[in-house]
>>> print(open('entry.txt').read())   # compact mmCIF, N, CA and C atoms
# COMPACT_ATOMS: atom_id res chain seq x y z
N MET V 191 3.64 10.57 -37.23
CA MET V 191 3.85 9.69 -36.09
C MET V 191 5.23 9.93 -35.50
N SER V 192 5.34 9.78 -34.20
CA SER V 192 6.63 9.94 -33.53
C SER V 192 7.48 8.69 -33.71
N GLN V 193 8.78 8.81 -33.40
CA GLN V 193 9.65 7.63 -33.47
C GLN V 193 9.14 6.55 -32.55
N GLU V 194 8.75 6.93 -31.32
CA GLU V 194 8.23 5.94 -30.37
C GLU V 194 7.04 5.20 -30.95
N ALA V 195 6.10 5.93 -31.50
CA ALA V 195 4.89 5.32 -32.06
C ALA V 195 5.24 4.40 -33.22
N ASN V 196 6.13 4.84 -34.09
CA ASN V 196 6.54 4.01 -35.23
C ASN V 196 7.23 2.74 -34.77
N ILE V 197 8.13 2.86 -33.80
CA ILE V 197 8.86 1.70 -33.29
C ILE V 197 7.91 0.72 -32.63
N LEU V 198 7.02 1.23 -31.78
CA LEU V 198 6.07 0.36 -31.10
C LEU V 198 5.17 -0.36 -32.10
N SER V 199 4.67 0.34 -33.07
CA SER V 199 3.82 -0.26 -34.09
C SER V 199 4.57 -1.36 -34.84
N TYR V 200 5.79 -1.09 -35.22
CA TYR V 200 6.63 -2.04 -35.94
C TYR V 200 6.83 -3.32 -35.12
N LEU V 201 7.12 -3.16 -33.83
CA LEU V 201 7.34 -4.31 -32.97
C LEU V 201 6.04 -5.07 -32.70
N GLN V 202 4.94 -4.36 -32.58
CA GLN V 202 3.65 -5.01 -32.34
C GLN V 202 3.19 -5.81 -33.54
N GLU V 203 3.72 -5.51 -34.71
CA GLU V 203 3.41 -6.28 -35.91
C GLU V 203 4.18 -7.60 -35.95
N GLY V 204 5.02 -7.85 -34.93
CA GLY V 204 5.77 -9.10 -34.85
C GLY V 204 7.19 -9.01 -35.37
N ASN V 205 7.62 -7.81 -35.74
CA ASN V 205 8.98 -7.62 -36.25
C ASN V 205 9.97 -7.50 -35.10
N ARG V 206 11.23 -7.75 -35.42
CA ARG V 206 12.34 -7.52 -34.51
C ARG V 206 13.13 -6.34 -35.06
N LEU V 207 13.82 -5.63 -34.17
CA LEU V 207 14.46 -4.39 -34.59
C LEU V 207 15.84 -4.25 -33.95
N THR V 208 16.83 -3.96 -34.78
CA THR V 208 18.19 -3.67 -34.31
C THR V 208 18.45 -2.18 -34.47
N PRO V 209 19.50 -1.67 -33.82
CA PRO V 209 19.82 -0.25 -33.98
C PRO V 209 20.05 0.18 -35.43
N MET V 210 20.71 -0.63 -36.22
CA MET V 210 20.95 -0.28 -37.62
C MET V 210 19.65 -0.22 -38.41
N GLU V 211 18.74 -1.14 -38.14
CA GLU V 211 17.44 -1.13 -38.81
C GLU V 211 16.63 0.10 -38.39
N ALA V 212 16.70 0.44 -37.10
CA ALA V 212 15.97 1.62 -36.60
C ALA V 212 16.49 2.90 -37.26
N LEU V 213 17.77 2.96 -37.47
CA LEU V 213 18.36 4.12 -38.15
C LEU V 213 17.84 4.20 -39.59
N ARG V 214 17.84 3.07 -40.27
CA ARG V 214 17.40 3.02 -41.67
C ARG V 214 15.90 3.27 -41.80
N LEU V 215 15.10 2.62 -40.95
CA LEU V 215 13.65 2.69 -41.08
C LEU V 215 13.02 3.95 -40.49
N PHE V 216 13.57 4.40 -39.34
CA PHE V 216 12.91 5.47 -38.59
C PHE V 216 13.81 6.67 -38.33
N ASN V 217 15.02 6.65 -38.91
CA ASN V 217 15.99 7.72 -38.67
C ASN V 217 16.24 7.92 -37.17
N CYS V 218 16.29 6.81 -36.45
CA CYS V 218 16.43 6.82 -35.00
C CYS V 218 17.85 6.42 -34.62
N PHE V 219 18.58 7.36 -34.02
CA PHE V 219 19.96 7.10 -33.60
C PHE V 219 20.03 6.53 -32.19
N ALA V 220 18.96 6.64 -31.41
CA ALA V 220 18.98 6.25 -30.00
C ALA V 220 17.88 5.24 -29.70
N LEU V 221 17.95 4.08 -30.36
CA LEU V 221 16.91 3.07 -30.20
C LEU V 221 16.79 2.61 -28.75
N SER V 222 17.89 2.41 -28.07
CA SER V 222 17.82 1.93 -26.68
C SER V 222 17.07 2.93 -25.80
N SER V 223 17.22 4.20 -26.05
CA SER V 223 16.49 5.22 -25.29
C SER V 223 15.00 5.18 -25.60
N ARG V 224 14.66 5.03 -26.88
CA ARG V 224 13.25 4.95 -27.25
C ARG V 224 12.60 3.71 -26.63
N VAL V 225 13.32 2.58 -26.66
CA VAL V 225 12.81 1.34 -26.06
C VAL V 225 12.63 1.52 -24.56
N SER V 226 13.59 2.14 -23.91
CA SER V 226 13.49 2.40 -22.47
C SER V 226 12.26 3.25 -22.16
N ASP V 227 12.06 4.30 -22.94
CA ASP V 227 10.89 5.17 -22.75
C ASP V 227 9.59 4.38 -22.94
N LEU V 228 9.55 3.55 -23.97
CA LEU V 228 8.35 2.74 -24.23
C LEU V 228 8.11 1.74 -23.11
N ASN V 229 9.16 1.12 -22.60
CA ASN V 229 9.00 0.15 -21.51
C ASN V 229 8.53 0.83 -20.23
N LYS V 230 8.94 2.06 -20.00
CA LYS V 230 8.45 2.81 -18.83
C LYS V 230 6.95 3.05 -18.94
N LYS V 231 6.44 3.03 -20.16
CA LYS V 231 5.01 3.21 -20.40
C LYS V 231 4.28 1.87 -20.48
N GLY V 232 5.01 0.77 -20.24
CA GLY V 232 4.40 -0.55 -20.19
C GLY V 232 4.39 -1.35 -21.47
N ALA V 233 5.26 -1.04 -22.41
CA ALA V 233 5.26 -1.73 -23.71
C ALA V 233 5.71 -3.19 -23.63
N GLY V 234 6.54 -3.55 -22.68
CA GLY V 234 6.98 -4.94 -22.55
C GLY V 234 7.93 -5.40 -23.63
N ILE V 235 8.78 -4.52 -24.10
CA ILE V 235 9.74 -4.85 -25.15
C ILE V 235 10.91 -5.61 -24.53
N LYS V 236 11.27 -6.72 -25.15
CA LYS V 236 12.37 -7.56 -24.68
C LYS V 236 13.62 -7.28 -25.51
N THR V 237 14.77 -7.65 -24.94
CA THR V 237 16.06 -7.45 -25.60
C THR V 237 16.80 -8.77 -25.71
N LYS V 238 17.35 -9.03 -26.89
CA LYS V 238 18.21 -10.19 -27.11
C LYS V 238 19.52 -9.66 -27.65
N LEU V 239 20.64 -10.11 -27.08
CA LEU V 239 21.94 -9.70 -27.59
C LEU V 239 22.36 -10.65 -28.70
N ILE V 240 22.78 -10.09 -29.82
CA ILE V 240 23.18 -10.83 -31.00
C ILE V 240 24.67 -10.56 -31.24
N THR V 241 25.42 -11.60 -31.58
CA THR V 241 26.82 -11.43 -31.95
C THR V 241 27.00 -11.87 -33.40
N ALA V 242 27.53 -10.97 -34.21
CA ALA V 242 27.80 -11.26 -35.62
C ALA V 242 29.04 -10.50 -36.03
N ASN V 243 29.92 -11.15 -36.75
CA ASN V 243 31.16 -10.52 -37.22
C ASN V 243 31.94 -9.90 -36.06
N HIS V 244 31.99 -10.62 -34.95
CA HIS V 244 32.75 -10.20 -33.77
C HIS V 244 32.20 -8.92 -33.13
N LYS V 245 30.95 -8.59 -33.40
CA LYS V 245 30.31 -7.42 -32.79
C LYS V 245 29.02 -7.86 -32.12
N THR V 246 28.73 -7.28 -30.97
CA THR V 246 27.51 -7.60 -30.24
C THR V 246 26.59 -6.39 -30.26
N PHE V 247 25.31 -6.63 -30.54
CA PHE V 247 24.33 -5.55 -30.58
C PHE V 247 22.99 -6.09 -30.10
N ALA V 248 22.10 -5.18 -29.77
CA ALA V 248 20.79 -5.56 -29.25
C ALA V 248 19.79 -5.76 -30.38
N GLN V 249 18.87 -6.67 -30.14
CA GLN V 249 17.73 -6.86 -31.02
C GLN V 249 16.49 -6.79 -30.11
N TYR V 250 15.54 -5.96 -30.47
CA TYR V 250 14.36 -5.73 -29.64
C TYR V 250 13.15 -6.39 -30.27
N TYR V 251 12.25 -6.90 -29.41
CA TYR V 251 11.06 -7.59 -29.89
C TYR V 251 10.01 -7.60 -28.78
N ILE V 252 8.79 -7.94 -29.15
CA ILE V 252 7.71 -8.14 -28.19
C ILE V 252 7.27 -9.59 -28.33
N GLU V 253 7.20 -10.28 -27.19
CA GLU V 253 6.74 -11.68 -27.21
C GLU V 253 5.23 -11.72 -27.30
N PHE V 254 4.74 -12.65 -28.07
CA PHE V 254 3.31 -12.87 -28.22
C PHE V 254 2.97 -14.28 -27.74
N SER V 255 1.77 -14.44 -27.27
CA SER V 255 1.27 -15.77 -26.95
C SER V 255 -0.13 -15.89 -27.54
N THR V 256 -0.67 -17.10 -27.56
CA THR V 256 -2.02 -17.29 -28.06
C THR V 256 -2.90 -17.80 -26.93
N ASP V 257 -4.15 -17.39 -26.94
CA ASP V 257 -5.09 -17.87 -25.94
C ASP V 257 -5.72 -19.18 -26.44
N GLN V 258 -6.72 -19.68 -25.71
CA GLN V 258 -7.35 -20.95 -26.07
C GLN V 258 -8.07 -20.89 -27.41
N ASN V 259 -8.43 -19.70 -27.86
CA ASN V 259 -9.12 -19.54 -29.14
C ASN V 259 -8.15 -19.29 -30.29
N GLY V 260 -6.84 -19.32 -30.00
CA GLY V 260 -5.85 -19.09 -31.03
C GLY V 260 -5.61 -17.61 -31.33
N GLN V 261 -6.15 -16.73 -30.47
CA GLN V 261 -5.97 -15.30 -30.66
C GLN V 261 -4.63 -14.86 -30.06
N PHE V 262 -3.93 -13.98 -30.74
CA PHE V 262 -2.66 -13.49 -30.26
C PHE V 262 -2.87 -12.44 -29.18
N SER V 263 -1.98 -12.46 -28.19
CA SER V 263 -1.96 -11.42 -27.17
C SER V 263 -0.51 -11.21 -26.78
N PHE V 264 -0.25 -10.10 -26.13
CA PHE V 264 1.10 -9.81 -25.69
C PHE V 264 1.41 -10.63 -24.46
N ALA V 265 2.59 -11.26 -24.46
CA ALA V 265 2.98 -12.11 -23.34
C ALA V 265 3.36 -11.29 -22.13
>>> encode(input="entry.txt", output="structure tokens")
Amino acid sequence: MSQEANILSYLQEGNRLTPMEALRLFNCFALSSRVSDLNKKGAGIKTKLITANHKTFAQYYIEFSTDQNGQFSFA
């Protein structure tokens, strides 16, 4: 599987991903580029800026919603 495919699958499982996690999990040094590429293909990945220990970094995720039957879908 490609980095893009691995990242998309990971996010679609409901996980959130930071650059450090992407490096550890997928050996991906350019997470923002992979996310940009995926969003150009319609992935709908959102970004939240996190500040910890006086450093700010991105956290990527996909929002989910439920329909009237309680089934999950991408928001």
>>> select_by_dssp(input="entry.txt", residues="chain V", states="strand (DSSP E or B)", output="list of chain:residue names")
V:Leu207, V:Lys236, V:Thr237, V:Lys238, V:Leu239, V:Ile240, V:Thr241, V:Ala242, V:Lys245, V:Thr246, V:Phe247, V:Ala248, V:Gln249, V:Tyr250, V:Tyr251, V:Phe254, V:Ser255, V:Thr256, V:Phe262, V:Ser263, V:Phe264
>>> closest_residue(input="entry.txt", among="V:Asn196, V:Gln202, V:Ser222, V:Asn229", to="V:Tyr251", atoms="all atoms listed in the file")
V:Gln202
>>> closest_residue(input="entry.txt", among="V:Ala242, V:Met191, V:Ala233, V:Ile252", to="V:Asn205", atoms="only C-alpha atoms")
V:Ile252
>>> atom_distance(input="entry.txt", atom1="atom CA of V:Ile235", atom2="atom CA of V:Tyr250")
6.5 Å
>>> atom_distance(input="entry.txt", atom1="atom C of V:Ala248", atom2="atom N of V:Pro209")
5.4 Å
>>> select_by_dssp(input="entry.txt", residues="chain V", states="helix (DSSP H, G or I)", output="ChimeraX atom specification")
/V:193-202,209-216,221-230
>>> closest_residue(input="entry.txt", among="V:Thr241, V:Leu228, V:Arg214, V:Leu207", to="V:Glu194", atoms="all atoms listed in the file")
V:Leu228
>>> residues_near_point(input="entry.txt", point="(12.9, 0.2, -31.7)", cutoff="6 Å", atoms="all atoms listed in the file", output="PDB file with N, CA and C atoms, keeping the file's coordinate frame")
ATOM      1  N   ILE V 197       8.130   2.860 -33.800  1.00  0.00           N
ATOM      2  CA  ILE V 197       8.860   1.700 -33.290  1.00  0.00           C
ATOM      3  C   ILE V 197       7.910   0.720 -32.630  1.00  0.00           C
ATOM      4  N   LEU V 198       7.020   1.230 -31.780  1.00  0.00           N
ATOM      5  CA  LEU V 198       6.070   0.360 -31.100  1.00  0.00           C
ATOM      6  C   LEU V 198       5.170  -0.360 -32.100  1.00  0.00           C
ATOM      7  N   LEU V 207      13.820  -5.630 -34.170  1.00  0.00           N
ATOM      8  CA  LEU V 207      14.460  -4.390 -34.590  1.00  0.00           C
ATOM      9  C   LEU V 207      15.840  -4.250 -33.950  1.00  0.00           C
ATOM     10  N   ALA V 212      16.700   0.440 -37.100  1.00  0.00           N
ATOM     11  CA  ALA V 212      15.970   1.620 -36.600  1.00  0.00           C
ATOM     12  C   ALA V 212      16.490   2.900 -37.260  1.00  0.00           C
ATOM     13  N   LEU V 221      17.950   4.080 -30.360  1.00  0.00           N
ATOM     14  CA  LEU V 221      16.910   3.070 -30.200  1.00  0.00           C
ATOM     15  C   LEU V 221      16.790   2.610 -28.750  1.00  0.00           C
ATOM     16  N   VAL V 225      13.320   2.580 -26.660  1.00  0.00           N
ATOM     17  CA  VAL V 225      12.810   1.340 -26.060  1.00  0.00           C
ATOM     18  C   VAL V 225      12.630   1.520 -24.560  1.00  0.00           C
TER      19      VAL V 225
END
>>> atom_distance(input="entry.txt", atom1="atom CA of V:Tyr200", atom2="atom CA of V:Ile240")
19.4 Å
>>> closest_residue(input="entry.txt", among="V:Thr208, V:Leu201, V:Asn217, V:Glu253", to="V:Gly234", atoms="all atoms listed in the file")
V:Glu253
